[in-house]
Protein chains: 2
Amino acid sequence: MQKFIIEENYFNNLTLPDDLIYQCVKVLRYKKGNTFLVCVNKINYLVEITDIKEKSLNYKIIEELNIDTELSVDVTIIQGYPKGDKFEDIIKYATQLGANTFIPLLAKRTQFKIDDKRASTKIARFNKIAKEASEQSMRNIIPEVTNFKKLSDIDFNSYNYVLVCYEETSKEQKHEGLKDIFKNLNKEDKIAILIGPEGGIDESEIAYLKKYSNTYLVSLGKRILRTELAPLTILSMLVYESELL
Amino acid sequence: MQKFIIEENYFNNLTLPDDLIYQCVKVLRYKKGNTFLVCVNKINYLVEITDIKEKSLNYKIIEELNIDTELSVDVTIIQGYPKGDKFEDIIKYATQLGANTFIPLLAKRTQFKIDDKRASTKIARFNKIAKEASEQSMRNIIPEVTNFKKLSDIDFNSYNYVLVCYEETSKEQKHEGLKDIFKNLNKEDKIAILIGPEGGIDESEIAYLKKYSNTYLVSLGKRILRTELAPLTILSMLVYESELL
């Protein structure tokens, strides 16, 4: 069933923002009597269309639904900005797996020259992808994609854990750590997951991160994973530990 | 470091197949003295080039290396054939996560009309992707992609477990099962993971699969995952349970 995450003011007037009205009328071709879900402040309602015209739409509330689709912890993906469209795929899939925030990291080995105009267009597009992925996967919040950041722009002290996916840890077959961390998480812990771009995280960046006592270098198994796969793998592991009984 | 998985006859002559010689000469621009890895019958050797010409290459063995990068169990991904290029991404990423066999499944909701000529071109391409992903992720075997199959073509009795990722299980919040199965796996167990195409697995297909006593309907968490994400998620969970100490 179609789900829209909307702001309170639209819900108070039993309507939708203009772009979603357009989508209902032109794309989904809804008629009076069609039902869909709206999510406001993380609460879901089944609603039924009472009136639909080219540029207006009203609905009535059928019932409040208890849909719990959020991870028990708050995950930020700090992703070394990769080549091509990979970051868009990461947002799409990591949103399906429950991530709440994405920080595109201008890492030492990121091969991307930023200019302000292009950057703001990209960030707007990234946030649109996060919204769509969130609604499609039936989540209750829309993840935020922040502006491009450098390592020194990030307040690592604001997280309970900073998990750095580090290939060298894998090569040395040092696999301890991640399970212990995941098994001991508390509800609403804030977790940052940091992944390097193609070519990995530079040693100077590792040294910088190690200054924080909440930093853990973790391995995701015995094989070398591409940068765009690593965030999905560690999130899947977190889902396994925290959601499957 | 570059790794090539090759047949024994090339290794016995301390050389490589023609396409890999081409790659060494023209793409990697190797010279005498450069080193790389060759993997023969799951054993890895560090080798050094002793002679390289436009169409010939010889090397000497420096040392045998103990590189264990295979999952402890044998995983077959039976994937409801999805739209577009998604199956290629699934092969690429699931190979990095350790899958050994891929079966492109012509499921009831697969929207793909097969013709024999196009199919064989596709299968050849899929196997090439599996080979490249395997070498890049430092694996010791090349996964096989079989021909397109229907559900009735598959011998489900040949697996210890047939794990069916079923969205309805997720909606009903029935999450039991997967952890118990993963925790109790034996070395070299054969596991089939079955994932529906877009639109999911049809109820009649579920009924067919349920006839096998080794079939388990499993959930991958509380959110709806896209078909191309599901195999990566369940493989990541398997890696977590079986490789991280």
# chains A, B, ... in the order shown; residues from 1 in each chain; ligands from 1
$ select_by_dssp --residues "range 131-192 of chain A" --states "helix (DSSP H, G or I)" --output "list in words"
Lys131, Glu132, Ala133, Ser134, Glu135, Gln136, Leu151, Ser152, Asp153, Phe156, Asn157, Ser158, Glu167, Glu168, Thr169, Ser170, Lys171, Leu178, Lys179, Asp180, Ile181, Phe182 and Lys183 of chain A
$ interface_residues --of "chain A" --to "chain B" --cutoff "10 Å" --atoms "only C-alpha atoms" --output "PyMOL selection string"
chain A and resi 67-71+92-98+133-139+171+173-180+218-226+228-230+232-245
$ closest_residue --among "B:Ile123, B:Val40, B:Leu185, B:Val164" --to "Ile206 in chain B" --atoms "only C-alpha atoms"
B:Val164
$ select_by_dssp --residues "range 23-106 of chain B" --states "strand (DSSP E)" --output "PyMOL selection string"
chain B and resi 35-40+43-52+57-65+74-80+101-105
$ closest_atom_pairs --of "range 56-113 of chain A" --to "range 190-201 of chain A" --cutoff "6 Å" --atoms "only C-alpha atoms" --output "Markdown table"
| residue | atom | partner | partner_atom | distance |
| --- | --- | --- | --- | --- |
| A:Asp74 | CA | A:Lys190 | CA | 4.8 |
| A:Val75 | CA | A:Ile191 | CA | 4.9 |
| A:Thr76 | CA | A:Ala192 | CA | 4.7 |
| A:Ile77 | CA | A:Ile193 | CA | 5.0 |
| A:Ile78 | CA | A:Leu194 | CA | 4.6 |
| A:Gln79 | CA | A:Ile195 | CA | 5.0 |
| A:Gly80 | CA | A:Pro197 | CA | 4.2 |
| A:Tyr81 | CA | A:Pro197 | CA | 5.6 |
| A:Pro82 | CA | A:Pro197 | CA | 5.0 |
| A:Thr110 | CA | A:Pro197 | CA | 5.8 |
$ write_last_selection --atoms "C-alpha atoms" --output "short mmCIF file (atom, residue, chain, number, x, y, z; two decimals), in the first residue's frame"
data_model
loop_
_atom_site.label_atom_id
_atom_site.label_comp_id
_atom_site.auth_asym_id
_atom_site.auth_seq_id
_atom_site.Cartn_x
_atom_site.Cartn_y
_atom_site.Cartn_z
CA ASP A 74 20.07 5.51 15.68
CA VAL A 75 22.50 4.83 12.82
CA THR A 76 24.48 7.42 10.87
CA ILE A 77 26.33 6.25 7.76
CA ILE A 78 29.49 8.29 7.20
CA GLN A 79 30.38 7.22 3.68
CA GLY A 80 33.64 8.09 1.96
CA TYR A 81 32.10 9.66 -1.13
CA PRO A 82 32.41 7.08 -3.92
CA THR A 110 37.59 10.54 -2.50
#
$ decode --residues "range 68-114 of chain B" --atoms "N, CA and C atoms" --output "mmCIF file, in the first residue's frame"
data_model
loop_
_atom_site.group_PDB
_atom_site.id
_atom_site.type_symbol
_atom_site.label_atom_id
_atom_site.label_comp_id
_atom_site.auth_asym_id
_atom_site.auth_seq_id
_atom_site.Cartn_x
_atom_site.Cartn_y
_atom_site.Cartn_z
ATOM 1 N N ASP B 68 42.356 -18.120 3.273
ATOM 2 C CA ASP B 68 41.056 -18.779 3.421
ATOM 3 C C ASP B 68 39.979 -17.724 3.326
ATOM 4 N N THR B 69 39.294 -17.657 2.209
ATOM 5 C CA THR B 69 38.282 -16.611 2.025
ATOM 6 C C THR B 69 36.910 -17.186 1.665
ATOM 7 N N GLU B 70 36.739 -18.491 1.881
ATOM 8 C CA GLU B 70 35.450 -19.103 1.536
ATOM 9 C C GLU B 70 34.561 -19.255 2.768
ATOM 10 N N LEU B 71 33.261 -19.125 2.553
ATOM 11 C CA LEU B 71 32.294 -19.434 3.610
ATOM 12 C C LEU B 71 32.434 -20.900 4.005
ATOM 13 N N SER B 72 32.055 -21.226 5.240
ATOM 14 C CA SER B 72 32.152 -22.622 5.685
ATOM 15 C C SER B 72 31.015 -23.478 5.137
ATOM 16 N N VAL B 73 29.999 -22.836 4.589
ATOM 17 C CA VAL B 73 28.884 -23.581 3.989
ATOM 18 C C VAL B 73 28.769 -23.230 2.510
ATOM 19 N N ASP B 74 28.004 -24.055 1.788
ATOM 20 C CA ASP B 74 27.877 -23.903 0.341
ATOM 21 C C ASP B 74 26.524 -23.255 0.013
ATOM 22 N N VAL B 75 26.565 -22.003 -0.450
ATOM 23 C CA VAL B 75 25.316 -21.256 -0.638
ATOM 24 C C VAL B 75 24.963 -21.105 -2.121
ATOM 25 N N THR B 76 23.721 -21.472 -2.430
ATOM 26 C CA THR B 76 23.149 -21.248 -3.762
ATOM 27 C C THR B 76 22.078 -20.165 -3.659
ATOM 28 N N ILE B 77 22.195 -19.137 -4.479
ATOM 29 C CA ILE B 77 21.168 -18.084 -4.525
ATOM 30 C C ILE B 77 20.214 -18.413 -5.678
ATOM 31 N N ILE B 78 18.966 -18.698 -5.328
ATOM 32 C CA ILE B 78 17.924 -18.924 -6.335
ATOM 33 C C ILE B 78 17.113 -17.630 -6.395
ATOM 34 N N GLN B 79 17.384 -16.847 -7.423
ATOM 35 C CA GLN B 79 16.865 -15.475 -7.462
ATOM 36 C C GLN B 79 15.773 -15.345 -8.509
ATOM 37 N N GLY B 80 14.567 -14.990 -8.045
ATOM 38 C CA GLY B 80 13.497 -14.650 -8.990
ATOM 39 C C GLY B 80 14.037 -13.588 -9.926
ATOM 40 N N TYR B 81 14.093 -13.898 -11.228
ATOM 41 C CA TYR B 81 14.826 -13.020 -12.138
ATOM 42 C C TYR B 81 14.195 -11.628 -12.158
ATOM 43 N N PRO B 82 14.986 -10.612 -11.800
ATOM 44 C CA PRO B 82 14.437 -9.259 -11.645
ATOM 45 C C PRO B 82 14.560 -8.447 -12.935
ATOM 46 N N LYS B 83 14.026 -7.246 -12.873
ATOM 47 C CA LYS B 83 14.067 -6.346 -14.042
ATOM 48 C C LYS B 83 15.469 -5.761 -14.245
ATOM 49 N N GLY B 84 15.702 -5.299 -15.468
ATOM 50 C CA GLY B 84 16.907 -4.514 -15.778
ATOM 51 C C GLY B 84 18.188 -5.282 -15.517
ATOM 52 N N ASP B 85 19.178 -4.568 -15.003
ATOM 53 C CA ASP B 85 20.498 -5.159 -14.772
ATOM 54 C C ASP B 85 20.672 -5.640 -13.333
ATOM 55 N N LYS B 86 19.588 -5.733 -12.602
ATOM 56 C CA LYS B 86 19.722 -6.025 -11.172
ATOM 57 C C LYS B 86 20.391 -7.366 -10.894
ATOM 58 N N PHE B 87 20.138 -8.359 -11.764
ATOM 59 C CA PHE B 87 20.732 -9.677 -11.522
ATOM 60 C C PHE B 87 22.257 -9.607 -11.586
ATOM 61 N N GLU B 88 22.771 -8.731 -12.437
ATOM 62 C CA GLU B 88 24.227 -8.582 -12.534
ATOM 63 C C GLU B 88 24.809 -8.026 -11.231
ATOM 64 N N ASP B 89 24.107 -7.058 -10.658
ATOM 65 C CA ASP B 89 24.561 -6.511 -9.367
ATOM 66 C C ASP B 89 24.482 -7.571 -8.273
ATOM 67 N N ILE B 90 23.431 -8.365 -8.309
ATOM 68 C CA ILE B 90 23.287 -9.431 -7.302
ATOM 69 C C ILE B 90 24.466 -10.399 -7.396
ATOM 70 N N ILE B 91 24.830 -10.797 -8.618
ATOM 71 C CA ILE B 91 25.976 -11.710 -8.792
ATOM 72 C C ILE B 91 27.246 -11.063 -8.237
ATOM 73 N N LYS B 92 27.452 -9.818 -8.611
ATOM 74 C CA LYS B 92 28.676 -9.120 -8.195
ATOM 75 C C LYS B 92 28.794 -9.050 -6.677
ATOM 76 N N TYR B 93 27.722 -8.607 -6.036
ATOM 77 C CA TYR B 93 27.801 -8.379 -4.587
ATOM 78 C C TYR B 93 27.670 -9.679 -3.791
ATOM 79 N N ALA B 94 26.815 -10.596 -4.234
ATOM 80 C CA ALA B 94 26.659 -11.849 -3.491
ATOM 81 C C ALA B 94 27.913 -12.717 -3.620
ATOM 82 N N THR B 95 28.654 -12.543 -4.721
ATOM 83 C CA THR B 95 29.946 -13.226 -4.855
ATOM 84 C C THR B 95 30.930 -12.680 -3.815
ATOM 85 N N GLN B 96 30.929 -11.382 -3.630
ATOM 86 C CA GLN B 96 31.801 -10.789 -2.599
ATOM 87 C C GLN B 96 31.450 -11.303 -1.208
ATOM 88 N N LEU B 97 30.184 -11.686 -1.030
ATOM 89 C CA LEU B 97 29.735 -12.169 0.281
ATOM 90 C C LEU B 97 29.828 -13.688 0.402
ATOM 91 N N GLY B 98 30.292 -14.383 -0.649
ATOM 92 C CA GLY B 98 30.616 -15.793 -0.501
ATOM 93 C C GLY B 98 29.700 -16.808 -1.164
ATOM 94 N N ALA B 99 28.717 -16.377 -1.925
ATOM 95 C CA ALA B 99 27.821 -17.340 -2.588
ATOM 96 C C ALA B 99 28.587 -18.159 -3.632
ATOM 97 N N ASN B 100 28.185 -19.425 -3.792
ATOM 98 C CA ASN B 100 28.888 -20.329 -4.718
ATOM 99 C C ASN B 100 28.158 -20.590 -6.033
ATOM 100 N N THR B 101 26.842 -20.494 -6.018
ATOM 101 C CA THR B 101 26.038 -20.812 -7.199
ATOM 102 C C THR B 101 24.877 -19.822 -7.300
ATOM 103 N N PHE B 102 24.564 -19.460 -8.539
ATOM 104 C CA PHE B 102 23.416 -18.589 -8.787
ATOM 105 C C PHE B 102 22.481 -19.267 -9.780
ATOM 106 N N ILE B 103 21.202 -19.326 -9.429
ATOM 107 C CA ILE B 103 20.191 -19.855 -10.345
ATOM 108 C C ILE B 103 19.207 -18.728 -10.668
ATOM 109 N N PRO B 104 19.216 -18.246 -11.932
ATOM 110 C CA PRO B 104 18.206 -17.247 -12.305
ATOM 111 C C PRO B 104 16.862 -17.953 -12.482
ATOM 112 N N LEU B 105 15.923 -17.613 -11.600
ATOM 113 C CA LEU B 105 14.648 -18.332 -11.533
ATOM 114 C C LEU B 105 13.572 -17.597 -12.330
ATOM 115 N N LEU B 106 12.951 -18.323 -13.253
ATOM 116 C CA LEU B 106 11.802 -17.773 -13.973
ATOM 117 C C LEU B 106 10.576 -17.980 -13.089
ATOM 118 N N ALA B 107 10.393 -17.067 -12.154
ATOM 119 C CA ALA B 107 9.290 -17.184 -11.196
ATOM 120 C C ALA B 107 8.003 -16.710 -11.851
ATOM 121 N N LYS B 108 6.922 -16.979 -11.165
ATOM 122 C CA LYS B 108 5.611 -16.628 -11.718
ATOM 123 C C LYS B 108 5.514 -15.126 -12.011
ATOM 124 N N ARG B 109 6.111 -14.314 -11.153
ATOM 125 C CA ARG B 109 6.007 -12.861 -11.348
ATOM 126 C C ARG B 109 7.228 -12.254 -12.042
ATOM 127 N N THR B 110 8.127 -13.108 -12.564
ATOM 128 C CA THR B 110 9.243 -12.587 -13.357
ATOM 129 C C THR B 110 8.708 -12.007 -14.655
ATOM 130 N N GLN B 111 9.095 -10.758 -14.929
ATOM 131 C CA GLN B 111 8.637 -10.126 -16.168
ATOM 132 C C GLN B 111 9.782 -10.149 -17.171
ATOM 133 N N PHE B 112 10.009 -11.316 -17.755
ATOM 134 C CA PHE B 112 11.141 -11.461 -18.667
ATOM 135 C C PHE B 112 10.784 -12.605 -19.605
ATOM 136 N N LYS B 113 10.738 -12.303 -20.875
ATOM 137 C CA LYS B 113 10.429 -13.341 -21.857
ATOM 138 C C LYS B 113 11.750 -13.898 -22.368
ATOM 139 N N ILE B 114 11.939 -15.179 -22.166
ATOM 140 C CA ILE B 114 13.203 -15.799 -22.511
ATOM 141 C C ILE B 114 13.204 -16.244 -23.972
#
